[in-house]
$ cat run-v2.txt   # compact mmCIF, C-alpha atoms
# COMPACT_ATOMS: atom_id res chain seq x y z
CA MET A 1 20.63 -25.24 1.16
CA ALA A 2 23.92 -25.31 -0.70
CA SER A 3 22.33 -26.89 -3.72
CA THR A 4 19.82 -24.04 -4.01
CA ASP A 5 22.47 -21.37 -3.63
CA LYS A 6 24.91 -22.74 -6.16
CA PRO A 7 23.08 -22.14 -9.46
CA ALA A 8 22.10 -18.69 -8.31
CA ASP A 9 25.73 -17.79 -7.72
CA THR A 10 26.89 -19.07 -11.07
CA GLU A 11 24.08 -17.17 -12.73
CA TYR A 12 25.11 -14.07 -10.85
CA ARG A 13 28.63 -14.33 -12.24
CA SER A 14 27.51 -15.01 -15.76
CA SER A 15 25.15 -12.06 -15.58
CA LEU A 16 28.07 -9.88 -14.56
CA SER A 17 30.19 -10.98 -17.48
CA THR A 18 27.52 -11.19 -20.19
CA PRO A 19 24.26 -9.55 -19.17
CA ALA A 20 22.46 -10.23 -22.43
CA GLN A 21 22.95 -13.97 -22.11
CA ALA A 22 21.54 -14.28 -18.61
CA ALA A 23 18.17 -12.79 -19.41
CA GLY A 24 15.60 -15.35 -20.43
CA VAL A 25 13.09 -13.06 -22.14
CA ASP A 26 13.90 -9.55 -23.16
CA TYR A 27 11.29 -7.08 -21.97
CA PHE A 28 12.89 -3.96 -23.39
CA LYS A 29 10.55 -3.81 -26.39
CA PHE A 30 7.52 -3.79 -24.07
CA ASP A 31 9.31 -1.14 -22.06
CA VAL A 32 9.67 1.12 -25.10
CA ILE A 33 6.02 0.57 -26.08
CA LEU A 34 4.75 1.37 -22.57
CA ARG A 35 6.92 4.47 -22.40
CA PHE A 36 5.49 5.59 -25.72
CA PHE A 37 1.99 5.13 -24.25
CA LEU A 38 3.02 7.25 -21.26
CA PHE A 39 4.29 9.98 -23.58
CA ALA A 40 1.08 9.91 -25.63
CA ALA A 41 -1.09 10.00 -22.52
CA SER A 42 0.69 12.98 -20.98
CA LEU A 43 0.73 14.88 -24.27
CA VAL A 44 -2.98 14.27 -24.88
CA SER A 45 -4.03 15.23 -21.37
CA VAL A 46 -1.98 18.45 -21.41
CA VAL A 47 -3.36 19.45 -24.83
CA VAL A 48 -6.96 18.62 -23.85
CA MET A 49 -6.64 20.57 -20.61
CA VAL A 50 -5.08 23.64 -22.23
CA THR A 51 -7.63 23.80 -25.07
CA GLY A 52 -10.58 23.62 -22.66
CA ASN A 53 -10.98 27.38 -22.12
CA GLN A 54 -14.56 28.53 -22.44
CA THR A 55 -16.18 31.94 -22.20
CA LYS A 56 -19.85 32.36 -21.30
CA PHE A 57 -21.85 35.58 -21.53
CA LEU A 58 -23.94 35.83 -18.38
CA PRO A 59 -24.59 38.57 -19.54
CA PHE A 60 -21.08 40.03 -19.39
CA PRO A 61 -18.25 37.68 -20.49
CA ARG A 62 -17.01 35.27 -17.80
CA PRO A 63 -14.21 32.98 -18.97
CA ALA A 64 -13.30 29.64 -17.38
CA LYS A 65 -9.61 28.77 -17.72
CA PHE A 66 -7.48 26.05 -16.24
CA ARG A 67 -5.02 28.59 -14.85
CA TYR A 68 -7.64 30.04 -12.54
CA SER A 69 -7.31 26.97 -10.33
CA PRO A 70 -3.92 26.14 -8.73
CA ALA A 71 -4.83 22.45 -8.76
CA LEU A 72 -5.20 22.39 -12.55
CA VAL A 73 -1.97 24.40 -12.99
CA TYR A 74 -0.16 21.77 -10.93
CA PHE A 75 -1.78 19.09 -13.08
CA VAL A 76 -0.52 20.65 -16.33
CA ALA A 77 2.99 21.17 -14.90
CA ALA A 78 3.22 17.61 -13.58
CA LEU A 79 2.06 16.05 -16.85
CA SER A 80 4.49 18.20 -18.84
CA VAL A 81 7.30 16.91 -16.63
CA THR A 82 6.06 13.36 -17.20
CA GLY A 83 6.01 13.90 -20.95
CA LEU A 84 9.59 15.21 -20.98
CA TYR A 85 10.72 12.34 -18.77
CA SER A 86 9.11 9.80 -21.07
CA ILE A 87 10.88 11.28 -24.12
CA ILE A 88 14.24 11.00 -22.36
CA THR A 89 13.61 7.44 -21.21
CA ILE A 90 12.37 6.35 -24.66
CA LEU A 91 15.70 7.53 -26.07
CA ALA A 92 17.62 5.77 -23.28
CA SER A 93 15.61 2.59 -23.82
CA LEU A 94 16.28 2.62 -27.56
CA TYR A 95 19.97 3.18 -26.86
CA ALA A 96 19.97 0.17 -24.53
CA LEU A 97 18.36 -1.99 -27.21
CA LYS A 98 21.41 -1.38 -29.37
CA ASN A 99 23.87 -1.57 -26.51
CA PRO A 100 22.87 -4.55 -24.34
CA ALA A 101 25.77 -4.25 -21.87
CA LEU A 102 24.06 -1.26 -20.23
CA LYS A 103 20.69 -2.94 -19.67
CA THR A 104 20.90 -4.11 -16.05
CA LYS A 105 22.17 -0.82 -14.70
CA LEU A 106 19.69 1.13 -16.79
CA LEU A 107 16.81 -0.98 -15.47
CA LEU A 108 17.70 -0.10 -11.88
CA HIS A 109 17.88 3.61 -12.71
CA PHE A 110 14.57 3.37 -14.58
CA LEU A 111 12.93 1.80 -11.54
CA LEU A 112 14.06 4.61 -9.22
CA TRP A 113 12.97 7.43 -11.51
CA ASP A 114 9.74 5.68 -12.51
CA ALA A 115 8.74 5.47 -8.85
CA LEU A 116 9.25 9.22 -8.43
CA ILE A 117 7.28 9.92 -11.62
CA LEU A 118 4.52 7.64 -10.31
CA GLY A 119 4.30 9.83 -7.21
CA ILE A 120 4.07 12.97 -9.35
CA ILE A 121 1.50 11.71 -11.85
CA ALA A 122 -0.68 9.99 -9.23
CA SER A 123 -0.80 13.10 -7.07
CA ALA A 124 -1.61 15.25 -10.12
CA THR A 125 -4.47 12.93 -11.06
CA GLY A 126 -5.84 13.02 -7.52
CA THR A 127 -5.56 16.80 -7.33
CA ALA A 128 -7.32 17.51 -10.62
CA GLY A 129 -9.85 14.74 -10.01
CA SER A 130 -10.96 16.15 -6.67
CA VAL A 131 -11.34 19.69 -8.05
CA ALA A 132 -13.22 18.36 -11.09
CA TYR A 133 -15.54 16.43 -8.78
CA LEU A 134 -16.21 19.59 -6.77
CA GLY A 135 -16.99 21.46 -9.99
CA LEU A 136 -19.32 18.67 -11.09
CA LYS A 137 -21.26 18.18 -7.86
CA GLY A 138 -20.54 21.29 -5.80
CA ASN A 139 -20.62 21.16 -2.01
CA ASP A 140 -23.63 22.28 0.04
CA HIS A 141 -21.82 22.41 3.38
CA THR A 142 -19.18 24.91 2.31
CA GLY A 143 -21.42 26.76 -0.14
CA TRP A 144 -19.31 25.93 -3.20
CA VAL A 145 -21.79 25.86 -6.07
CA LYS A 146 -21.29 23.53 -9.03
CA ILE A 147 -20.13 25.14 -12.25
CA CYS A 148 -20.42 22.29 -14.73
CA ASN A 149 -24.01 23.15 -15.63
CA VAL A 150 -22.70 26.48 -16.94
CA TYR A 151 -19.29 25.61 -18.38
CA ASP A 152 -20.13 22.32 -20.11
CA LYS A 153 -17.26 22.25 -22.63
CA PHE A 154 -14.66 23.21 -20.02
CA CYS A 155 -15.85 20.44 -17.71
CA ARG A 156 -15.82 17.85 -20.48
CA HIS A 157 -12.22 18.77 -21.30
CA VAL A 158 -11.13 18.58 -17.66
CA GLY A 159 -12.86 15.22 -17.18
CA ALA A 160 -11.32 13.72 -20.32
CA SER A 161 -7.91 15.04 -19.35
CA VAL A 162 -8.14 13.47 -15.87
CA ALA A 163 -9.26 10.15 -17.39
CA VAL A 164 -6.26 10.13 -19.75
CA ALA A 165 -3.94 10.99 -16.83
CA LEU A 166 -5.42 8.07 -14.89
CA PHE A 167 -4.51 5.83 -17.82
CA GLY A 168 -1.00 7.33 -17.72
CA SER A 169 -0.60 6.52 -14.04
CA ILE A 170 -1.71 2.92 -14.66
CA VAL A 171 0.93 2.72 -17.41
CA THR A 172 3.54 4.00 -14.93
CA VAL A 173 2.57 1.29 -12.44
CA LEU A 174 2.92 -1.32 -15.21
CA LEU A 175 6.35 0.10 -16.12
CA ILE A 176 7.53 -0.28 -12.53
CA TRP A 177 6.25 -3.86 -12.38
CA LEU A 178 8.02 -4.63 -15.67
CA SER A 179 11.35 -3.18 -14.51
CA ALA A 180 11.10 -4.94 -11.14
CA HIS A 181 10.28 -8.23 -12.85
CA SER A 182 13.20 -8.04 -15.29
CA ILE A 183 15.59 -7.00 -12.51
CA HIS A 184 14.33 -9.99 -10.54
CA ASN A 185 15.19 -12.24 -13.48
CA ARG A 186 18.53 -10.64 -14.16
CA VAL A 187 20.13 -10.07 -10.76
CA PRO A 188 19.47 -12.86 -8.28
CA LYS A 189 19.72 -11.97 -4.59
CA MET B 1 28.89 -31.20 6.50
CA GLU B 2 27.99 -30.16 3.05
CA GLY B 3 28.59 -26.51 3.85
CA GLN B 4 32.02 -27.28 5.30
CA SER B 5 33.20 -29.13 2.21
CA LYS B 6 31.87 -26.32 0.08
CA GLY B 7 33.61 -23.70 2.23
CA SER B 8 36.97 -25.42 1.86
CA PHE B 9 36.28 -25.89 -1.83
CA ASN B 10 35.83 -22.24 -2.58
CA VAL B 11 36.83 -19.59 -0.07
CA MET B 12 36.08 -16.69 -2.37
CA GLU B 13 32.48 -17.76 -2.85
CA GLU B 14 31.95 -18.13 0.90
CA SER B 15 33.24 -14.65 1.68
CA GLU B 16 31.16 -13.19 -1.12
CA ARG B 17 28.03 -14.86 0.21
CA ASN B 18 28.78 -13.52 3.72
CA GLY B 19 29.04 -10.02 2.36
CA LYS B 20 25.78 -10.43 0.53
CA GLY B 21 24.13 -11.86 3.63
CA ARG B 22 25.12 -8.85 5.70
CA CYS B 23 23.73 -6.51 3.07
CA GLY B 24 20.56 -8.59 2.88
CA SER B 25 20.01 -8.47 6.64
CA MET B 26 20.51 -4.70 6.57
CA VAL B 27 17.84 -4.41 3.88
CA GLY B 28 15.58 -6.62 5.99
CA THR B 29 16.04 -4.46 9.10
CA CYS B 30 15.42 -1.24 7.16
CA ASP B 31 12.37 -2.85 5.59
CA LEU B 32 10.90 -3.78 8.97
CA VAL B 33 11.58 -0.35 10.50
CA LEU B 34 10.09 1.44 7.48
CA ARG B 35 7.01 -0.80 7.51
CA VAL B 36 6.36 -0.08 11.20
CA LEU B 37 6.87 3.63 10.49
CA ALA B 38 4.45 3.51 7.53
CA PHE B 39 1.85 1.73 9.69
CA VAL B 40 2.14 4.33 12.48
CA LEU B 41 2.10 7.33 10.12
CA THR B 42 -0.93 6.25 8.07
CA LEU B 43 -2.83 5.26 11.23
CA VAL B 44 -2.13 8.62 12.88
CA ALA B 45 -3.11 10.50 9.70
CA ALA B 46 -6.42 8.65 9.44
CA VAL B 47 -7.22 9.10 13.14
CA VAL B 48 -6.30 12.81 13.21
CA ILE B 49 -8.57 13.66 10.30
CA GLY B 50 -11.25 11.20 11.46
CA ALA B 51 -11.51 12.94 14.84
CA ASP B 52 -11.78 16.33 13.14
CA LYS B 53 -14.99 18.19 13.99
CA GLN B 54 -15.72 21.82 14.80
CA THR B 55 -18.84 23.86 15.40
CA ALA B 56 -18.65 27.58 14.85
CA ILE B 57 -21.21 30.36 15.42
CA VAL B 58 -21.76 32.20 12.15
CA PRO B 59 -23.66 35.50 11.81
CA PHE B 60 -26.49 35.11 9.34
CA LYS B 61 -28.52 38.07 8.01
CA LEU B 62 -32.10 37.37 7.05
CA VAL B 63 -33.20 40.98 6.51
CA GLU B 64 -30.89 43.97 6.11
CA SER B 65 -32.58 46.14 8.73
CA MET B 66 -32.64 43.50 11.50
CA PRO B 67 -29.63 42.46 13.58
CA PRO B 68 -28.00 39.23 12.33
CA LEU B 69 -29.03 35.82 13.61
CA TYR B 70 -26.25 33.69 15.06
CA VAL B 71 -26.43 30.14 13.74
CA PRO B 72 -24.17 27.25 14.80
CA VAL B 73 -22.59 25.57 11.76
CA ALA B 74 -20.69 22.29 12.01
CA ALA B 75 -17.69 21.25 9.91
CA LYS B 76 -17.05 17.51 9.67
CA TRP B 77 -14.50 15.64 7.63
CA HIS B 78 -17.04 13.48 5.80
CA TYR B 79 -18.77 16.51 4.27
CA LEU B 80 -16.07 16.61 1.59
CA SER B 81 -15.69 13.56 -0.62
CA ALA B 82 -11.97 14.19 -1.14
CA PHE B 83 -11.42 13.75 2.61
CA VAL B 84 -13.49 10.56 2.57
CA TYR B 85 -11.20 9.22 -0.16
CA PHE B 86 -8.18 10.37 1.85
CA VAL B 87 -9.30 8.52 5.00
CA GLY B 88 -10.16 5.43 2.97
CA ALA B 89 -6.76 5.36 1.25
CA ASN B 90 -4.92 5.84 4.54
CA ALA B 91 -6.94 3.09 6.20
CA ILE B 92 -6.22 0.70 3.32
CA ALA B 93 -2.49 1.55 3.44
CA CYS B 94 -2.49 1.05 7.21
CA ALA B 95 -4.16 -2.37 6.93
CA TYR B 96 -1.79 -3.36 4.13
CA ALA B 97 1.25 -2.27 6.20
CA THR B 98 0.10 -4.54 9.04
CA LEU B 99 -0.49 -7.49 6.71
CA SER B 100 2.83 -7.12 4.90
CA LEU B 101 4.65 -6.74 8.22
CA LEU B 102 3.15 -10.04 9.39
CA PHE B 103 4.03 -11.77 6.12
CA SER B 104 7.60 -10.49 5.99
CA LEU B 105 8.11 -11.45 9.65
CA GLY B 106 6.67 -14.90 8.95
CA ASN B 107 8.66 -16.21 6.01
CA ARG B 108 10.80 -14.63 3.32
CA ARG B 109 10.25 -16.56 0.15
CA LYS B 110 11.06 -15.12 -3.25
CA GLY B 111 7.49 -15.21 -4.55
CA MET B 112 6.19 -13.45 -1.44
CA GLU B 113 8.79 -10.69 -1.80
CA SER B 114 7.83 -9.85 -5.36
CA LEU B 115 4.13 -9.94 -4.42
CA ILE B 116 4.86 -7.48 -1.61
CA SER B 117 6.76 -5.18 -3.99
CA VAL B 118 3.81 -5.29 -6.45
CA PHE B 119 1.42 -4.16 -3.71
CA ASP B 120 3.90 -1.55 -2.45
CA THR B 121 3.74 0.07 -5.89
CA LEU B 122 -0.06 0.17 -5.72
CA MET B 123 0.06 1.71 -2.24
CA VAL B 124 2.43 4.45 -3.44
CA ALA B 125 -0.01 5.33 -6.23
CA LEU B 126 -3.05 5.22 -3.92
CA LEU B 127 -1.50 7.31 -1.15
CA PHE B 128 -0.05 9.94 -3.49
CA SER B 129 -3.34 10.38 -5.34
CA SER B 130 -5.31 10.70 -2.09
CA ASN B 131 -2.79 13.20 -0.78
CA GLY B 132 -3.13 15.23 -3.96
CA ALA B 133 -6.93 15.19 -3.71
CA ALA B 134 -7.00 16.24 -0.06
CA ILE B 135 -4.33 18.94 -0.52
CA ALA B 136 -6.29 20.47 -3.43
CA VAL B 137 -9.48 20.66 -1.35
CA GLY B 138 -7.57 21.93 1.68
CA LEU B 139 -6.05 24.70 -0.44
CA LEU B 140 -9.51 25.64 -1.71
CA GLY B 141 -10.68 25.84 1.89
CA LEU B 142 -7.70 27.97 2.86
CA GLN B 143 -7.70 30.42 -0.04
CA GLY B 144 -11.01 29.96 -1.80
CA ASN B 145 -11.36 30.67 -5.49
CA LEU B 146 -12.38 34.14 -6.62
CA HIS B 147 -13.18 33.17 -10.20
CA LEU B 148 -15.69 30.50 -9.19
CA HIS B 149 -17.02 32.37 -6.13
CA TRP B 150 -15.97 29.56 -3.85
CA ASN B 151 -15.39 31.34 -0.53
CA LYS B 152 -12.68 30.26 1.87
CA VAL B 153 -13.87 28.53 5.03
CA CYS B 154 -10.68 28.43 7.08
CA ASN B 155 -11.25 31.92 8.55
CA VAL B 156 -14.31 30.47 10.31
CA PHE B 157 -13.15 26.93 11.04
CA GLY B 158 -9.57 27.58 12.16
CA LYS B 159 -9.05 24.52 14.33
CA PHE B 160 -10.62 22.24 11.73
CA CYS B 161 -8.21 23.49 9.07
CA ASP B 162 -5.17 23.16 11.32
CA GLN B 163 -6.07 19.56 12.06
CA VAL B 164 -6.53 18.81 8.34
CA ALA B 165 -3.12 20.36 7.60
CA ALA B 166 -1.46 18.24 10.31
CA SER B 167 -3.09 15.09 8.98
CA LEU B 168 -2.00 15.93 5.41
CA PHE B 169 1.60 16.44 6.50
CA ILE B 170 1.67 13.13 8.39
CA SER B 171 0.13 11.29 5.46
CA LEU B 172 2.68 12.84 3.09
CA LEU B 173 5.45 11.47 5.32
CA GLY B 174 3.67 8.09 5.24
CA SER B 175 3.55 8.03 1.45
CA ILE B 176 7.25 8.95 1.25
CA THR B 177 7.89 6.00 3.59
CA PHE B 178 6.06 3.70 1.16
CA LEU B 179 8.13 5.14 -1.71
CA LEU B 180 11.33 4.35 0.23
CA LEU B 181 10.01 0.83 0.93
CA LEU B 182 9.60 0.32 -2.80
CA LEU B 183 13.01 1.77 -3.69
CA LEU B 184 15.24 0.51 -0.87
CA PRO B 185 15.95 -3.09 -2.03
CA HIS B 186 16.72 -1.86 -5.54
CA VAL B 187 19.08 0.88 -4.32
CA PHE B 188 21.03 -1.75 -2.41
CA ARG B 189 21.15 -3.90 -5.53
CA LEU B 190 22.42 -0.95 -7.55
CA LYS B 191 25.24 -0.56 -5.01
CA GLN B 192 26.00 -4.27 -5.27
CA THR B 193 26.27 -4.33 -9.04
CA THR B 194 28.49 -1.26 -9.31
$ encode --input "run-v2.txt" --output "C-alpha cells"
Amino acid sequence: MASTDKPADTEYRSSLSTPAQAAGVDYFKFDVILRFFLFAASLVSVVVMVTGNQTKFLPFPRPAKFRYSPALVYFVAALSVTGLYSIITILASLYALKNPALKTKLLLHFLLWDALILGIIASATGTAGSVAYLGLKGNDHTGWVKICNVYDKFCRHVGASVAVALFGSIVTVLLIWLSAHSIHNRVPK
Amino acid sequence: MEGQSKGSFNVMEESERNGKGRCGSMVGTCDLVLRVLAFVLTLVAAVVIGADKQTAIVPFKLVESMPPLYVPVAAKWHYLSAFVYFVGANAIACAYATLSLLFSLGNRRKGMESLISVFDTLMVALLFSSNGAAIAVGLLGLQGNLHLHWNKVCNVFGKFCDQVAASLFISLLGSITFLLLLLLPHVFRLKQTT
C-alpha cells in the first residue's frame, strides 16, 4: 500500500513545483487543433444556416427563413456562442503553450467550460435535428405536413448545418476526453 | 508495520494524505448520491412520458351544411419520433446510471474511474440532445408555427401536454445531475491545486 502511494506523492510535489516536467506527453497541440476544428464547425454551420433562405412563388411569394422557427433561432445563437468560446480558448491555449506554468490550472478550467459548451451544442443539435426531421417527414397524427418537397434548398442547408453541428459536438466530446486524460496524467489523486 | 515506520518518518506527508483522503471520501459520497439521483430522475422522466396517453373528442366537419361529426382522436407519445428518441435516451441513461453505481460501489480502481468519466461525458451529450429535441417538438405542439401551417395541438390535448412538460423538466434536472457528476471530481481537484 505504502509502496504504491509513495511515487504518486513525489510526483504530486514535482508537478506542483515544475508542471512542465511532470507531464509525459504534451497534448496542448492537439488541444489547439481540436479547438480550431470546433471554431470551423460552428462558423460553417452558422453561415450555412443563415444563407439557406428560400422564396417560392406558389403563386404568391412565400419565403422560408430560419428565423421563422424558434428552434433554428436557438441553434444559430448556440453555435455563435460556441464559435466565440472557441476563439477565446484558442487564444488561451496558445498563451499556455508559451507559458507552461499555467497549464494545469488552465486544463481544469477548460474542462469545466467545455462541459457546459457540450451541453449547449448538443441540445442545439438535438433541437434543430428534430425540427428538420419533422420538416422532412411531416407528422400524420398532428397534421403537420412536410415542407421539404417544396423548399428543397432550404432543407438541404438545414440538414448540412445540423450535420456540421453534430461533428462539432463530437469534437467537444473529444476535447473533454483530452483534458480529462491530461489532468489524469498531471495531477495524481 | 510499514505504515507506522513511514508515519514516524514523515509526519507532514501523513497529515497531507489524511486531508486528501477526507476530500476523496467526500467526492465519493457526492458521487454516489448524485448517481442515485440521476437514476431516479431519468427513470421517472421515462415513465412519465411513457405512460402519457390521451383521447379527445374533436369536432370534424364533412360538409358545411351538416352539423359536425364528433370523432375520438388519440395522442400517444410514440407518434412523434422526437419523443421516441427522448424515451430511448432516458432509458439508456437510467441503465447506465445503475451499471456505474454498481461498478463504483464494487471497486474503485483508477482505470475504472476514467472509463466511468468517459461514459459520463457521452451521457451528458445524449441527454442534452434528447432534451433539446423533445423541447423543440413540445414547443411546436404548444404554439404551433404560423409560417408552416403547423397548428398547435395543446389546446385539444391539455393533459397530454402537461405530462410532456413535467417529463421534460424532470429529464432536464437529470441531465444537469449528469453534468455535475462529470464536473464534481475536477472541481475538487481545482480546489486542491489552488
$ residues_around --input "run-v2.txt" --residues "region 124-128 of chain A" --least-positions-apart "6" --cutoff "12 Å" --atoms "all atoms listed in the file" --output "VMD selection string"
(chain A and resid 42 45 to 46 49 66 69 to 82 117 to 118 134 to 135 155 157 to 170) or (chain B and resid 82 to 83 85 to 86 89 125 to 140)
$ atom_distance --input "run-v2.txt" --atom1 "CA of Ser171 (chain B)" --atom2 "CA of Asp114 (chain A)"
21.1 Å
$ residues_around --input "run-v2.txt" --residues "region 100-108 of chain A" --least-positions-apart "2" --cutoff "7 Å" --atoms "only C-alpha atoms" --output "compact mmCIF listing (two decimals) with C-alpha atoms, in the frame of the given file"
# COMPACT_ATOMS: atom_id res chain seq x y z
CA PRO A 19 24.26 -9.55 -19.17
CA ALA A 20 22.46 -10.23 -22.43
CA ALA A 96 19.97 0.17 -24.53
CA LEU A 97 18.36 -1.99 -27.21
CA LYS A 98 21.41 -1.38 -29.37
CA PHE A 110 14.57 3.37 -14.58
CA LEU A 111 12.93 1.80 -11.54
CA LEU A 112 14.06 4.61 -9.22
CA SER A 179 11.35 -3.18 -14.51
CA ILE A 183 15.59 -7.00 -12.51
CA HIS B 186 16.72 -1.86 -5.54
CA LEU B 190 22.42 -0.95 -7.55
$ closest_residue --input "run-v2.txt" --among "B:Lys61, B:Arg35, B:Lys53, B:His147" --to "chain A" --atoms "only C-alpha atoms"
B:His147
$ atom_distance --input "run-v2.txt" --atom1 "CA of Ala166 (chain B)" --atom2 "CA of Leu182 (chain B)"
24.8 Å
$ residues_near_point --input "run-v2.txt" --point "(8.8, -6.9, -16.0)" --cutoff "12 Å" --atoms "all atoms listed in the file" --output "ChimeraX atom specification"
/A:23-31,34,107-108,110-111,173-186 /B:114,118
$ atom_distance --input "run-v2.txt" --atom1 "CA of Phe60 (chain B)" --atom2 "CA of Val156 (chain B)"
13.1 Å
$ residues_around --input "run-v2.txt" --residues "Asp31 (chain B)" --least-positions-apart "5" --cutoff "10 Å" --atoms "only C-alpha atoms" --output "PyMOL selection string"
chain B and resi 25-26+36-37+101+104+180-182+184-185
$ closest_residue --input "run-v2.txt" --among "B:Ile170, B:Met123, B:Val164, B:Val153" --to "Ile92 (chain B)" --atoms "all atoms listed in the file"
B:Met123
$ closest_residue --input "run-v2.txt" --among "A:Asp140, A:Ala122, A:Ala132, A:Phe154" --to "chain B" --atoms "all atoms listed in the file"
A:Ala122
$ residues_around --input "run-v2.txt" --residues "Tyr70 (chain B)" --least-positions-apart "6" --cutoff "8 Å" --atoms "all atoms listed in the file" --output "mmCIF file with C-alpha atoms, in the coordinates of the input"
data_model
loop_
_atom_site.group_PDB
_atom_site.id
_atom_site.type_symbol
_atom_site.label_atom_id
_atom_site.label_comp_id
_atom_site.auth_asym_id
_atom_site.auth_seq_id
_atom_site.Cartn_x
_atom_site.Cartn_y
_atom_site.Cartn_z
ATOM 1 C CA ILE B 57 -21.210 30.360 15.420
ATOM 2 C CA VAL B 58 -21.760 32.200 12.150
ATOM 3 C CA PRO B 59 -23.660 35.500 11.810
ATOM 4 C CA PHE B 60 -26.490 35.110 9.340
#
$ residues_near_point --input "run-v2.txt" --point "(9.1, 11.6, -20.7)" --cutoff "10 Å" --atoms "only C-alpha atoms" --output "count of residues only"
21
$ axis_aligned_box --input "run-v2.txt" --around "region 116-131 of chain B" --padding-each-side "8 Å" --output "AutoDock Vina command-line options"
--center_x 0.7 --center_y 2.9 --center_z -3.6 --size_x 28.1 --size_y 36.7 --size_z 21.7
$ closest_residue --input "run-v2.txt" --among "B:Ala51, B:Ser65, B:Val27, B:Ala38" --to "chain A" --atoms "all atoms listed in the file"
B:Val27
$ closest_residue --input "run-v2.txt" --among "B:Leu183, B:Val71, B:Phe103, B:Leu43" --to "chain A" --atoms "only C-alpha atoms"
B:Leu183
$ closest_residue --input "run-v2.txt" --among "B:Val48, B:Cys30, B:Ile176, B:Pro68" --to "chain A" --atoms "only C-alpha atoms"
B:Ile176
